[in-house]
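Okay, structure_23.txt now, which holds compact mmCIF, C-alpha atoms and all ligand atoms:
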```txt
# COMPACT_ATOMS: atom_id res chain seq x y z
CA MET A 1 -35.28 -23.72 -14.92
CA ARG A 2 -31.50 -23.43 -15.37
CA ALA A 3 -31.94 -20.99 -18.31
CA CYS A 4 -34.20 -18.88 -16.14
CA ALA A 5 -31.63 -18.80 -13.34
CA THR A 6 -28.86 -17.92 -15.80
CA ALA A 7 -30.97 -15.11 -17.25
CA LYS A 8 -31.55 -13.79 -13.75
CA VAL A 9 -27.82 -13.78 -12.98
CA VAL A 10 -27.07 -12.04 -16.28
CA ALA A 11 -29.75 -9.44 -15.50
CA TRP A 12 -28.23 -8.89 -12.04
CA HIS A 13 -24.81 -8.41 -13.49
CA ARG A 14 -26.12 -5.96 -16.08
CA ALA A 15 -27.93 -4.02 -13.39
CA LEU A 16 -24.85 -3.95 -11.20
CA ARG A 17 -22.61 -2.83 -14.05
CA LYS A 18 -25.08 -0.06 -14.78
CA ALA A 19 -25.24 0.92 -11.13
CA LEU A 20 -21.46 1.00 -10.94
CA HIS A 21 -21.03 2.80 -14.24
CA SER A 22 -20.65 6.21 -12.65
CA CYS A 23 -17.81 4.98 -10.45
CA ALA A 24 -15.16 3.86 -12.90
CA PHE A 25 -12.08 4.14 -10.76
CA LEU A 26 -12.10 0.88 -8.90
CA GLY A 27 -11.72 -1.55 -11.78
CA PRO A 28 -8.45 -3.37 -12.44
CA ASN A 29 -6.34 -0.39 -12.93
CA LEU A 30 -2.97 -0.55 -14.41
CA PRO A 31 -2.53 1.40 -17.56
CA ASP A 32 1.13 1.98 -18.33
CA VAL A 33 0.83 5.32 -16.65
CA TRP A 34 -1.53 5.06 -13.78
CA VAL A 35 -3.90 8.01 -13.54
CA PRO A 36 -5.57 8.97 -10.29
CA ARG A 37 -9.19 8.19 -9.66
CA GLU A 38 -11.82 10.01 -11.70
CA ASN A 39 -13.90 11.16 -8.78
CA ASN A 40 -11.75 14.18 -8.24
CA THR A 41 -14.31 16.42 -6.64
CA SER A 42 -11.82 17.85 -4.12
CA PRO A 43 -8.94 19.90 -5.45
CA HIS A 44 -5.62 18.57 -4.12
CA THR A 45 -5.09 21.70 -2.03
CA LEU A 46 -7.78 20.39 0.29
CA PHE A 47 -5.38 17.62 1.34
CA GLN A 48 -2.54 19.99 2.06
CA GLU A 49 -1.20 22.27 4.70
CA THR A 50 1.72 24.61 4.04
CA LEU A 51 4.38 25.43 6.61
CA GLN A 52 6.18 28.74 6.10
CA TRP A 53 9.60 29.66 7.47
CA ASP A 54 11.12 33.06 8.24
CA ASN A 55 13.65 32.66 5.43
CA GLY A 56 10.76 32.45 2.92
CA HIS A 57 10.91 28.64 2.56
CA ASN A 58 7.54 26.89 2.24
CA ALA A 59 6.87 23.19 2.67
CA VAL A 60 3.63 21.49 1.79
CA ILE A 61 2.59 18.71 4.18
CA LEU A 62 1.30 15.86 2.04
CA LYS A 63 -1.47 14.47 4.20
CA GLY A 64 -2.63 10.94 3.52
CA LYS A 65 -5.69 10.76 5.75
CA PRO A 66 -8.09 12.84 3.62
CA ILE A 67 -7.08 10.89 0.50
CA ALA A 68 -7.52 7.59 2.34
CA LYS A 69 -10.93 8.70 3.58
CA GLN A 70 -12.14 9.65 0.13
CA ILE A 71 -11.10 6.26 -1.28
CA ARG A 72 -12.80 4.46 1.61
CA LEU A 73 -16.06 6.33 1.02
CA GLU A 74 -15.97 5.34 -2.64
CA VAL A 75 -15.17 1.71 -1.85
CA ALA A 76 -17.95 1.59 0.75
CA ASP A 77 -20.39 3.07 -1.73
CA GLU A 78 -19.57 0.44 -4.35
CA ILE A 79 -19.91 -2.38 -1.84
CA ARG A 80 -23.27 -1.04 -0.66
CA ARG A 81 -24.54 -1.08 -4.24
CA MET A 82 -23.03 -4.51 -4.84
CA LYS A 83 -24.88 -5.87 -1.82
CA SER A 84 -28.17 -4.32 -2.79
CA VAL A 85 -28.05 -5.52 -6.41
CA ILE A 86 -26.58 -9.04 -6.15
CA GLY A 87 -26.62 -9.62 -2.40
CA LYS A 88 -22.87 -10.34 -2.36
CA PHE A 89 -19.87 -8.62 -0.81
CA PRO A 90 -16.06 -8.95 -0.76
CA ARG A 91 -14.33 -11.16 1.79
CA LEU A 92 -10.67 -10.87 2.85
CA ALA A 93 -8.73 -13.67 4.56
CA VAL A 94 -5.94 -12.53 6.88
CA VAL A 95 -3.21 -14.92 8.02
CA LEU A 96 -1.18 -13.95 11.06
CA VAL A 97 1.64 -16.07 12.46
CA GLY A 98 3.14 -15.35 15.86
CA ASP A 99 2.89 -12.47 18.25
CA ARG A 100 4.84 -9.47 16.91
CA ARG A 101 3.36 -6.33 18.36
CA ASP A 102 3.72 -4.29 15.11
CA SER A 103 1.99 -7.07 13.09
CA HIS A 104 -0.89 -7.07 15.56
CA THR A 105 -1.20 -3.29 15.21
CA PHE A 106 -1.17 -3.42 11.40
CA ILE A 107 -3.72 -6.27 11.32
CA HIS A 108 -5.97 -4.39 13.73
CA ILE A 109 -5.87 -1.32 11.45
CA LYS A 110 -6.66 -3.46 8.37
CA LEU A 111 -9.57 -5.31 10.01
CA LYS A 112 -11.10 -2.08 11.27
CA ALA A 113 -10.88 -0.47 7.83
CA CYS A 114 -12.47 -3.54 6.20
CA ASP A 115 -15.30 -3.42 8.71
CA GLN A 116 -15.91 0.26 8.00
CA VAL A 117 -16.39 -0.27 4.25
CA GLY A 118 -18.33 -3.56 4.36
CA ILE A 119 -15.57 -6.05 3.53
CA GLU A 120 -16.03 -9.19 5.58
CA THR A 121 -12.87 -10.61 7.12
CA VAL A 122 -11.79 -14.03 8.27
CA VAL A 123 -8.64 -14.30 10.37
CA ALA A 124 -6.42 -17.36 10.74
CA GLN A 125 -4.04 -16.92 13.63
CA LEU A 126 -1.25 -19.45 13.97
CA PRO A 127 1.26 -19.87 16.79
CA GLU A 128 4.84 -18.59 16.41
CA LYS A 129 6.17 -22.15 16.23
CA CYS A 130 3.66 -23.50 13.71
CA ALA A 131 4.88 -25.96 11.08
CA GLU A 132 5.30 -24.76 7.51
CA ASN A 133 2.81 -27.34 6.25
CA GLU A 134 0.21 -26.07 8.67
CA LEU A 135 0.54 -22.58 7.23
CA LEU A 136 0.57 -23.85 3.65
CA ASP A 137 -2.66 -25.78 4.36
CA VAL A 138 -4.36 -22.66 5.72
CA VAL A 139 -3.41 -20.64 2.63
CA SER A 140 -4.52 -23.47 0.31
CA SER A 141 -7.89 -23.70 2.01
CA PHE A 142 -8.43 -19.97 1.44
CA ASN A 143 -7.39 -20.44 -2.20
CA ASP A 144 -10.09 -23.11 -2.57
CA ASP A 145 -12.81 -21.12 -0.82
CA LYS A 146 -14.82 -19.34 -3.51
CA ASP A 147 -16.25 -16.94 -0.92
CA VAL A 148 -12.78 -15.58 -0.17
CA HIS A 149 -11.63 -12.94 -2.68
CA GLY A 150 -8.43 -11.69 -1.11
CA ILE A 151 -5.68 -13.34 0.96
CA ILE A 152 -2.91 -11.61 2.91
CA VAL A 153 -0.19 -13.32 4.88
CA GLN A 154 1.16 -10.70 7.27
CA LEU A 155 4.95 -10.27 6.94
CA PRO A 156 7.52 -10.76 8.30
CA LEU A 157 7.02 -14.44 9.13
CA PRO A 158 9.00 -16.21 11.88
CA GLN A 159 12.51 -17.18 10.75
CA HIS A 160 11.85 -20.92 10.42
CA LEU A 161 9.19 -20.37 7.74
CA ASP A 162 10.17 -19.96 4.09
CA GLU A 163 8.49 -16.69 3.12
CA GLU A 164 8.96 -17.21 -0.62
CA LYS A 165 7.39 -20.67 -0.47
CA ILE A 166 4.31 -19.29 1.31
CA ILE A 167 3.91 -16.33 -1.06
CA ASN A 168 4.20 -18.69 -4.05
CA VAL A 169 1.22 -20.69 -2.79
CA VAL A 170 -1.20 -17.74 -2.57
CA SER A 171 -3.42 -17.78 -5.66
CA PRO A 172 -2.27 -14.87 -7.88
CA GLU A 173 -5.93 -14.00 -8.42
CA LYS A 174 -6.47 -13.53 -4.66
CA ASP A 175 -3.06 -12.00 -3.96
CA VAL A 176 -4.34 -8.56 -2.93
CA ASP A 177 -0.87 -7.75 -1.53
CA GLY A 178 0.56 -8.17 -5.04
CA PHE A 179 3.61 -10.09 -3.74
CA HIS A 180 3.22 -13.27 -5.84
CA PRO A 181 6.01 -13.53 -8.44
CA LEU A 182 3.44 -13.60 -11.26
CA ASN A 183 2.01 -10.26 -10.14
CA MET A 184 5.41 -8.74 -9.35
CA GLY A 185 6.82 -10.02 -12.66
CA ASN A 186 3.96 -8.54 -14.65
CA LEU A 187 4.40 -5.26 -12.83
CA ALA A 188 8.05 -5.28 -13.86
CA ILE A 189 7.34 -5.81 -17.56
CA ARG A 190 6.10 -2.75 -19.37
CA GLY A 191 2.68 -3.17 -20.95
CA ARG A 192 1.69 -6.17 -18.80
CA LYS A 193 -1.09 -6.04 -16.24
CA PRO A 194 -0.72 -7.81 -12.90
CA PHE A 195 -3.90 -8.82 -11.10
CA PHE A 196 -2.79 -6.64 -8.19
CA VAL A 197 -0.20 -3.96 -7.47
CA PRO A 198 1.25 -3.88 -3.91
CA CYS A 199 -0.64 -1.52 -1.64
CA ALA A 200 2.11 0.68 -0.17
CA PRO A 201 3.65 1.58 -3.57
CA LYS A 202 0.17 2.22 -4.94
CA GLY A 203 -0.47 4.46 -1.94
CA CYS A 204 2.77 6.33 -2.56
CA ILE A 205 1.94 7.05 -6.22
CA GLU A 206 -1.67 7.94 -5.37
CA LEU A 207 -0.41 10.44 -2.82
CA LEU A 208 1.98 12.04 -5.31
CA LEU A 209 -0.65 12.25 -8.04
CA LYS A 210 -3.41 13.50 -5.79
CA HIS A 211 -1.14 16.26 -4.55
CA GLY A 212 -0.28 17.20 -8.10
CA VAL A 213 3.41 16.19 -7.92
CA GLU A 214 4.82 15.65 -11.40
CA ILE A 215 6.61 12.28 -11.75
CA LYS A 216 7.45 12.07 -15.46
CA GLY A 217 11.09 12.84 -16.18
CA LYS A 218 11.92 13.38 -12.50
CA ARG A 219 14.86 11.84 -10.67
CA ALA A 220 13.51 9.58 -7.95
CA VAL A 221 15.68 7.93 -5.32
CA ILE A 222 14.30 5.09 -3.22
CA ILE A 223 16.16 4.09 -0.09
CA GLY A 224 15.40 0.41 0.50
CA ARG A 225 14.70 -2.38 -1.98
CA SER A 226 12.27 -4.64 -0.13
CA LYS A 227 9.66 -6.64 -2.02
CA ILE A 228 6.88 -4.98 -0.01
CA VAL A 229 7.79 -1.38 -0.75
CA GLY A 230 11.10 -0.44 -2.38
CA LEU A 231 11.15 -2.76 -5.38
CA PRO A 232 7.50 -2.39 -6.48
CA THR A 233 7.63 1.37 -5.86
CA SER A 234 10.59 1.58 -8.24
CA LEU A 235 8.63 -0.39 -10.85
CA LEU A 236 5.55 1.85 -10.54
CA LEU A 237 7.65 5.02 -10.72
CA GLN A 238 9.25 3.70 -13.90
CA ARG A 239 5.79 3.16 -15.37
CA HIS A 240 5.33 6.85 -14.71
CA HIS A 241 8.58 7.59 -16.54
CA ALA A 242 10.65 8.69 -13.55
CA THR A 243 14.39 7.96 -13.60
CA VAL A 244 14.84 5.74 -10.58
CA SER A 245 17.86 4.93 -8.38
CA MET A 246 17.70 2.28 -5.69
CA LEU A 247 19.76 2.59 -2.51
CA HIS A 248 20.35 -0.21 -0.03
CA ALA A 249 22.47 -1.31 2.89
CA TYR A 250 25.63 -1.56 0.73
CA THR A 251 25.25 1.81 -0.97
CA LYS A 252 28.21 4.10 -0.39
CA ASN A 253 27.57 7.80 0.29
CA PRO A 254 23.76 7.57 0.13
CA GLU A 255 23.47 11.26 1.09
CA GLN A 256 25.29 12.26 -2.09
CA ILE A 257 22.82 10.32 -4.28
CA THR A 258 19.72 11.53 -2.44
CA SER A 259 20.91 15.13 -2.68
CA GLU A 260 20.46 14.95 -6.46
CA ALA A 261 16.88 13.67 -6.31
CA ASP A 262 13.65 15.49 -7.14
CA ILE A 263 11.70 12.84 -5.22
CA VAL A 264 13.14 10.91 -2.25
CA ILE A 265 11.29 7.85 -0.95
CA ALA A 266 12.44 6.27 2.30
CA ASP A 267 11.64 2.62 3.08
CA VAL A 268 14.38 1.44 5.39
CA GLY A 269 12.88 0.75 8.78
CA ILE A 270 15.48 2.86 10.64
CA PRO A 271 14.05 5.87 12.46
CA HIS A 272 15.32 9.24 11.18
CA ILE A 273 18.08 7.79 9.00
CA VAL A 274 17.37 10.45 6.34
CA ARG A 275 18.61 13.83 7.57
CA GLY A 276 17.97 17.33 6.29
CA ASN A 277 21.47 17.56 4.78
CA TRP A 278 20.73 14.51 2.56
CA LEU A 279 18.20 16.54 0.60
CA LYS A 280 18.24 19.03 -2.25
CA ARG A 281 16.28 22.24 -1.57
CA GLY A 282 12.81 21.88 -3.03
CA THR A 283 12.77 18.08 -3.18
CA VAL A 284 9.62 16.04 -2.47
CA VAL A 285 9.97 13.55 0.41
CA ILE A 286 7.81 10.47 0.85
CA ASP A 287 8.46 8.73 4.14
CA MET A 288 7.24 5.13 4.09
CA GLY A 289 8.91 4.18 7.36
CA THR A 290 6.52 3.16 10.12
CA ASN A 291 8.73 2.37 13.07
CA GLN A 292 7.36 1.64 16.50
CA VAL A 293 9.73 3.18 19.02
CA LYS A 294 9.55 3.29 22.80
CA ASP A 295 8.37 6.53 24.38
CA PRO A 296 11.12 8.34 26.31
CA SER A 297 9.14 7.58 29.47
CA GLY A 298 9.53 3.88 28.66
CA GLN A 299 5.78 3.46 29.19
CA GLY A 300 4.35 3.11 25.71
CA PHE A 301 5.26 3.23 22.01
CA HIS A 302 4.87 5.77 19.27
CA VAL A 303 5.29 5.61 15.51
CA THR A 304 8.05 7.45 13.71
CA GLY A 305 9.29 7.59 10.13
CA ASP A 306 12.64 6.99 8.43
CA VAL A 307 13.05 10.72 7.80
CA CYS A 308 14.03 13.33 10.38
CA PHE A 309 10.91 15.42 9.73
CA GLU A 310 12.03 18.48 11.70
CA GLU A 311 15.12 18.86 9.52
CA ALA A 312 13.65 17.73 6.20
CA VAL A 313 10.63 20.03 6.36
CA LYS A 314 13.00 23.02 6.31
CA VAL A 315 14.51 21.91 2.99
CA ALA A 316 11.81 20.02 1.09
CA SER A 317 9.05 21.62 -0.97
CA ALA A 318 6.67 18.86 0.13
CA ILE A 319 6.85 16.06 2.67
CA THR A 320 4.63 13.33 4.11
CA PRO A 321 4.14 13.13 7.88
CA VAL A 322 4.40 9.90 9.88
CA PRO A 323 1.88 8.95 11.05
CA GLY A 324 -0.84 10.24 8.73
CA GLY A 325 1.05 10.10 5.43
CA VAL A 326 1.35 7.05 3.17
CA GLY A 327 0.18 4.54 5.83
CA PRO A 328 -3.56 5.28 5.72
CA VAL A 329 -3.52 5.38 1.89
CA THR A 330 -1.83 1.95 1.88
CA ILE A 331 -4.73 0.55 3.87
CA SER A 332 -7.26 2.11 1.48
CA MET A 333 -5.45 0.44 -1.43
CA LEU A 334 -5.88 -2.92 0.27
CA LEU A 335 -9.63 -2.25 0.43
CA SER A 336 -9.65 -1.21 -3.21
CA ASN A 337 -7.68 -4.30 -4.31
CA THR A 338 -10.04 -6.56 -2.37
CA LEU A 339 -13.07 -4.95 -3.97
CA ASP A 340 -11.47 -5.34 -7.43
CA SER A 341 -10.92 -9.02 -6.73
CA ALA A 342 -14.54 -9.57 -5.67
CA LYS A 343 -15.79 -7.73 -8.74
CA ARG A 344 -13.67 -10.02 -10.91
CA ALA A 345 -15.00 -13.09 -9.09
CA PHE A 346 -18.59 -11.92 -9.58
CA GLY A 347 -17.97 -11.23 -13.27
CA MET A 348 -18.40 -7.49 -12.82
CA VAL A 349 -15.37 -6.48 -14.88
N1 LIG A 401 3.75 3.09 4.99
C1 LIG A 401 3.45 1.89 4.56
O1 LIG A 401 2.43 1.70 3.96
C2 LIG A 401 4.41 0.78 4.78
C3 LIG A 401 5.49 0.99 5.59
N2 LIG A 401 6.41 0.03 5.79
C4 LIG A 401 7.55 0.39 6.64
O2 LIG A 401 8.72 0.57 5.82
C5 LIG A 401 9.89 0.27 6.57
C6 LIG A 401 10.71 -0.77 5.84
O3 LIG A 401 9.98 -1.96 5.79
P1 LIG A 401 10.35 -3.16 4.81
O4 LIG A 401 10.42 -2.62 3.43
O5 LIG A 401 9.43 -4.26 5.09
O6 LIG A 401 11.83 -3.49 5.37
P2 LIG A 401 12.94 -4.53 4.93
O7 LIG A 401 13.74 -4.78 6.15
O8 LIG A 401 12.38 -5.65 4.17
O9 LIG A 401 13.83 -3.69 3.91
C7 LIG A 401 14.64 -2.63 4.33
C8 LIG A 401 15.49 -2.14 3.18
O10 LIG A 401 16.31 -1.08 3.66
C9 LIG A 401 17.64 -1.30 3.26
N3 LIG A 401 18.57 -0.76 4.26
C10 LIG A 401 18.83 -1.24 5.50
N4 LIG A 401 19.75 -0.47 6.12
C11 LIG A 401 20.08 0.52 5.25
C12 LIG A 401 20.97 1.62 5.29
N5 LIG A 401 21.72 1.86 6.36
N6 LIG A 401 21.06 2.41 4.20
C13 LIG A 401 20.30 2.19 3.11
N7 LIG A 401 19.42 1.15 3.01
C14 LIG A 401 19.33 0.33 4.06
C15 LIG A 401 17.81 -2.80 3.13
O11 LIG A 401 18.88 -3.04 2.24
P3 LIG A 401 19.36 -4.53 1.81
O12 LIG A 401 18.37 -4.95 0.77
O13 LIG A 401 20.72 -4.30 1.26
O14 LIG A 401 19.30 -5.36 3.05
C16 LIG A 401 16.44 -3.19 2.59
O15 LIG A 401 16.41 -3.12 1.19
C17 LIG A 401 9.39 -0.19 7.95
O16 LIG A 401 9.42 0.92 8.82
C18 LIG A 401 7.94 -0.62 7.68
O17 LIG A 401 7.12 -0.55 8.82
C19 LIG A 401 6.32 -1.18 5.17
C20 LIG A 401 5.25 -1.46 4.38
C21 LIG A 401 4.18 -0.51 4.14
N1 LIG A 402 1.54 -8.99 3.95
C1 LIG A 402 1.84 -7.74 4.33
N2 LIG A 402 1.28 -6.70 3.69
C2 LIG A 402 1.56 -5.42 4.07
O1 LIG A 402 1.05 -4.44 3.45
C3 LIG A 402 2.43 -5.21 5.19
C4 LIG A 402 2.99 -6.33 5.81
N3 LIG A 402 2.69 -7.58 5.36
N4 LIG A 402 3.83 -6.18 6.86
C5 LIG A 402 4.10 -4.89 7.46
C6 LIG A 402 3.96 -3.76 6.47
C7 LIG A 402 3.71 -2.41 7.11
N5 LIG A 402 2.46 -1.95 6.56
C8 LIG A 402 1.79 -0.81 6.99
C9 LIG A 402 0.43 -0.66 6.83
C10 LIG A 402 -0.23 0.42 7.36
C11 LIG A 402 0.42 1.40 8.05
C12 LIG A 402 -0.34 2.51 8.67
O2 LIG A 402 -1.56 2.54 8.62
N6 LIG A 402 0.32 3.46 9.37
C13 LIG A 402 -0.31 4.53 10.10
C14 LIG A 402 -0.03 4.45 11.59
C15 LIG A 402 0.12 3.11 12.17
C16 LIG A 402 0.28 3.08 13.69
O3 LIG A 402 -0.30 3.93 14.37
O4 LIG A 402 0.98 2.16 14.18
C17 LIG A 402 0.23 5.87 9.63
O5 LIG A 402 1.36 5.89 9.09
O6 LIG A 402 -0.45 6.85 9.83
C18 LIG A 402 1.78 1.29 8.19
C19 LIG A 402 2.47 0.21 7.64
C20 LIG A 402 1.95 -2.90 5.75
N7 LIG A 402 2.74 -3.95 5.65
```
What do you get writing this file as structure tokens?
Amino acid sequence: MRACATAKVVAWHRALRKALHSCAFLGPNLPDVWVPRENNTSPHTLFQETLQWDNGHNAVILKGKPIAKQIRLEVADEIRRMKSVIGKFPRLAVVLVGDRRDSHTFIHIKLKACDQVGIETVVAQLPEKCAENELLDVVSSFNDDKDVHGIIVQLPLPQHLDEEKIINVVSPEKDVDGFHPLNMGNLAIRGRKPFFVPCAPKGCIELLLKHGVEIKGKRAVIIGRSKIVGLPTSLLLQRHHATVSMLHAYTKNPEQITSEADIVIADVGIPHIVRGNWLKRGTVVIDMGTNQVKDPSGQGFHVTGDVCFEEAVKVASAITPVPGGVGPVTISMLLSNTLDSAKRAFGMV
């Protein structure tokens, strides 16, 4: 009886592997130099729009939405086949503490995207003043739940909670954010493969590659060194053989350093801190900033980047918009990481 059941499972897995064979891109994916997905049916020009100025300057607008959409279609397709062959699907656990309006917005975007591709979600919402042990227990219970394949703890956490302690408790094999020190450490060491690479940096590299921007040998400057974006982006760019400089709050004359860069990546969280005169003519600008600022009317909010787009677009050869640049690709990478995790749990890779 047991042998028969085992044979059936093996047959399922074989069938699923076969069914997935044509879609190689979503497996655990960190060669030393990360290549873009194989399903490259659309030339990168389809994702672009070029703005032309009277003085002959052109700037390509590096749109993220079409890239994000393509990834989502591919993820959805894999999940559909997974469901039909083995009757299983990925599940993501989302932990949200407190009531920050930006965290609520980001979680809403993530849950909606999961729903669209067939990833089931389970949300644990804790009050702002929750005890650290309460949060640790929630994370541990998701670690122990074999039907949960990915866990994210939305950051930042309220001040009284020790962020590092919480991140350390997330199982590295379910850490679809890629923030656990084991995953970050393996990303930092050349030749090693983390289970997961953080989503925003992955989105940034995907965007550059899909738009045909050469990284190897280029001078990249990252403004900001956070564990979510700046640090892992620097590690990924180094895997692609860029020469990377990191700028931070104590950097003197940042504009002088950025003006020597071929690629400038902003991850500060200060609206429009990067001005046109910080940039070399022809540079490529990736704006990771997603800052919610009040509308002039005082009624609502809108999202703006760390780069003064109106100035930068007149100098750069290519630039991401905010919104509609890296953000949507980041979300697609979360979907892709969650699918990878489920495939690993189901023995599909
Ligand atoms: N598009 C996407 O997918 C994502 C976007 N974001 C966005 O990125 C932005 C940054 O977020 P996050 O990384 O979490 O922020 P953090 O606050 O964690 O990090 C900000 C970084 O900016 C540096 N910094 C602060 N002030 C200056 C300054 N005047 N000059 C140079 N560097 C400075 C800090 O330096 P120091 O280390 O010295 O303090 C720090 O390293 C936010 O707008 C966020 O919403 C975040 C994640 C994903
Ligand atoms: N554990 C954890 N993981 C994260 O990945 C994480 C986090 N905490 N805390 C906050 C930051 C921020 N972040 C973004 C995700 C999507 C957009 C995004 O989709 N932006 C849209 C617009 C968003 C809007 O309209 O508000 C865009 O740029 O077009 C932006 C930013 C992930 N983060």
Per residue of chain A within 7 Å of ligand LIG 402 (chain A), what are the shortest atom pair and its distance in Å to one decimal, counting all atoms listed in the file, with rows by chain and residue number, as a tab-separated table?
```
residue	atom	partner	partner_atom	distance
A:Ser103	CA	A:LIG402	C5	6.4
A:Thr105	CA	A:LIG402	O4	6.0
A:Phe106	CA	A:LIG402	C9	5.6
A:Ile109	CA	A:LIG402	O2	6.4
A:Ile152	CA	A:LIG402	N1	5.3
A:Val153	CA	A:LIG402	N1	4.8
A:Gln154	CA	A:LIG402	N1	3.8
A:Leu155	CA	A:LIG402	N3	3.9
A:Pro156	CA	A:LIG402	N4	6.1
A:Asp177	CA	A:LIG402	N2	5.7
A:Cys199	CA	A:LIG402	O1	6.1
A:Ala200	CA	A:LIG402	O1	6.4
A:Ile228	CA	A:LIG402	C2	6.7
A:Thr290	CA	A:LIG402	C18	5.4
A:Gln292	CA	A:LIG402	O4	6.8
A:Val303	CA	A:LIG402	O4	5.7
A:Val322	CA	A:LIG402	O5	5.1
A:Pro323	CA	A:LIG402	O6	3.4
A:Gly324	CA	A:LIG402	O6	3.6
A:Gly325	CA	A:LIG402	O5	5.6
A:Val326	CA	A:LIG402	O5	6.0
A:Gly327	CA	A:LIG402	C12	3.5
A:Pro328	CA	A:LIG402	O2	4.5
A:Thr330	CA	A:LIG402	C10	5.9
A:Ile331	CA	A:LIG402	C10	5.7
```
Here is a test: counting all atoms listed in the file, which residue of A:His180, A:His211, A:Lys165, A:Lys193 is nearest to Leu62 of chain A?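 The closest residue to Leu62 of chain A is A:His211.
Here the question is which of A:Ile223, A:Leu73, A:Leu209, A:Ile86 gets nearest to ligand LIG 401 (chain A) using all atoms listed in the file, and that residue is A:Ile223.
Minimum atom-to-atom distance to Arg80 of chain A, evaluated using all atoms listed in the file, belongs to A:Val117 out of A:Val122, A:Val284, A:Val117, A:Val221.
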If we draw a sphere of 8 Å around (-0.2, -4.0, -8.3), which residues have at least one atom in it when counting all atoms listed in the file? Please report them as a PyMOL selection string. chain A and resi 30+177-178+183-184+187+194-199+202
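Of the residues listed (A:Lys314, A:Val329, A:Asn168, A:Phe346), A:Lys314 shows the shortest atom-to-atom separation from Asp54 of chain A; distances use all atoms listed in the file.
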Please work out which residues fall within 12 Å of (-2.7, -24.3, 4.3), coordinates as given in the file, with only C-alpha atoms counting, and return them as a PDB file with C-alpha atoms, keeping the file's coordinate frame.
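Result written to result12.pdb:
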```pdb
ATOM      1  CA  VAL A  95      -3.210 -14.920   8.020  1.00  0.00           C
ATOM      2  CA  ALA A 124      -6.420 -17.360  10.740  1.00  0.00           C
ATOM      3  CA  GLN A 125      -4.040 -16.920  13.630  1.00  0.00           C
ATOM      4  CA  LEU A 126      -1.250 -19.450  13.970  1.00  0.00           C
ATOM      5  CA  CYS A 130       3.660 -23.500  13.710  1.00  0.00           C
ATOM      6  CA  ALA A 131       4.880 -25.960  11.080  1.00  0.00           C
ATOM      7  CA  GLU A 132       5.300 -24.760   7.510  1.00  0.00           C
ATOM      8  CA  ASN A 133       2.810 -27.340   6.250  1.00  0.00           C
ATOM      9  CA  GLU A 134       0.210 -26.070   8.670  1.00  0.00           C
ATOM     10  CA  LEU A 135       0.540 -22.580   7.230  1.00  0.00           C
ATOM     11  CA  LEU A 136       0.570 -23.850   3.650  1.00  0.00           C
ATOM     12  CA  ASP A 137      -2.660 -25.780   4.360  1.00  0.00           C
ATOM     13  CA  VAL A 138      -4.360 -22.660   5.720  1.00  0.00           C
ATOM     14  CA  VAL A 139      -3.410 -20.640   2.630  1.00  0.00           C
ATOM     15  CA  SER A 140      -4.520 -23.470   0.310  1.00  0.00           C
ATOM     16  CA  SER A 141      -7.890 -23.700   2.010  1.00  0.00           C
ATOM     17  CA  PHE A 142      -8.430 -19.970   1.440  1.00  0.00           C
ATOM     18  CA  ASN A 143      -7.390 -20.440  -2.200  1.00  0.00           C
ATOM     19  CA  ASP A 144     -10.090 -23.110  -2.570  1.00  0.00           C
ATOM     20  CA  ASP A 145     -12.810 -21.120  -0.820  1.00  0.00           C
ATOM     21  CA  ILE A 151      -5.680 -13.340   0.960  1.00  0.00           C
ATOM     22  CA  VAL A 153      -0.190 -13.320   4.880  1.00  0.00           C
ATOM     23  CA  LYS A 165       7.390 -20.670  -0.470  1.00  0.00           C
ATOM     24  CA  ILE A 166       4.310 -19.290   1.310  1.00  0.00           C
ATOM     25  CA  ILE A 167       3.910 -16.330  -1.060  1.00  0.00           C
ATOM     26  CA  VAL A 169       1.220 -20.690  -2.790  1.00  0.00           C
ATOM     27  CA  VAL A 170      -1.200 -17.740  -2.570  1.00  0.00           C
ATOM     28  CA  SER A 171      -3.420 -17.780  -5.660  1.00  0.00           C
TER      29      SER A 171
END
```
Hey, which of A:Pro321, A:Gly150, A:Gly217, A:Gly269 ends up closest to Leu92 of chain A? Count only C-alpha atoms.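 Of A:Pro321, A:Gly150, A:Gly217, A:Gly269, the one nearest Leu92 of chain A is A:Gly150, counting only C-alpha atoms.
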Env of Gln52 of chain A: 12 Å cut, atoms = all atoms listed in the file, seq-sep filter 2 positions within chain, self excluded. Answer as a list of chain:residue names. A:Glu49, A:Thr50, A:Asp54, A:Asn55, A:Gly56, A:His57, A:Asn58, A:Ala59, A:Val60, A:Ile61, A:Val313, A:Lys314, A:Val315, A:Ala316, A:Ser317, A:Ala318
How would you write, as a ChimeraX atom specification, the set of residues no farther than 7 Å from ligand LIG 401 (chain A) when counting only C-alpha atoms and all ligand atoms? /A:200,223-230,247-251,267-270,288-291,305-306,326-327,330
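Compared by their closest atoms to Pro232 of chain A, and using only C-alpha atoms, the residues A:Leu207, A:Ile273, A:Ile189, A:Ala68 rank with A:Ile189 nearest.
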I'd like the interatomic distance between atom CA of Leu96 of chain A and atom CA of Gln159 of chain A, to a tenth of an Å.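 We find that atom CA of Leu96 of chain A and atom CA of Gln159 of chain A lie 14.1 Å from each other.
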Atom CA of Asp147 of chain A to atom CA of Ile119 of chain A, distance in Å rounded to a single decimal: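 So the two atoms, atom CA of Asp147 of chain A and atom CA of Ile119 of chain A, lie 11.8 Å apart.
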Applying 12 Å and only C-alpha atoms, which residues near Ile205 of chain A remain after dropping the ones on its own chain fewer than 5 positions away? List them as a ChimeraX atom specification. /A:33-37,64,67,197-200,210-216,220,229,232-240,242,263,265,286,288,326,329-330,333
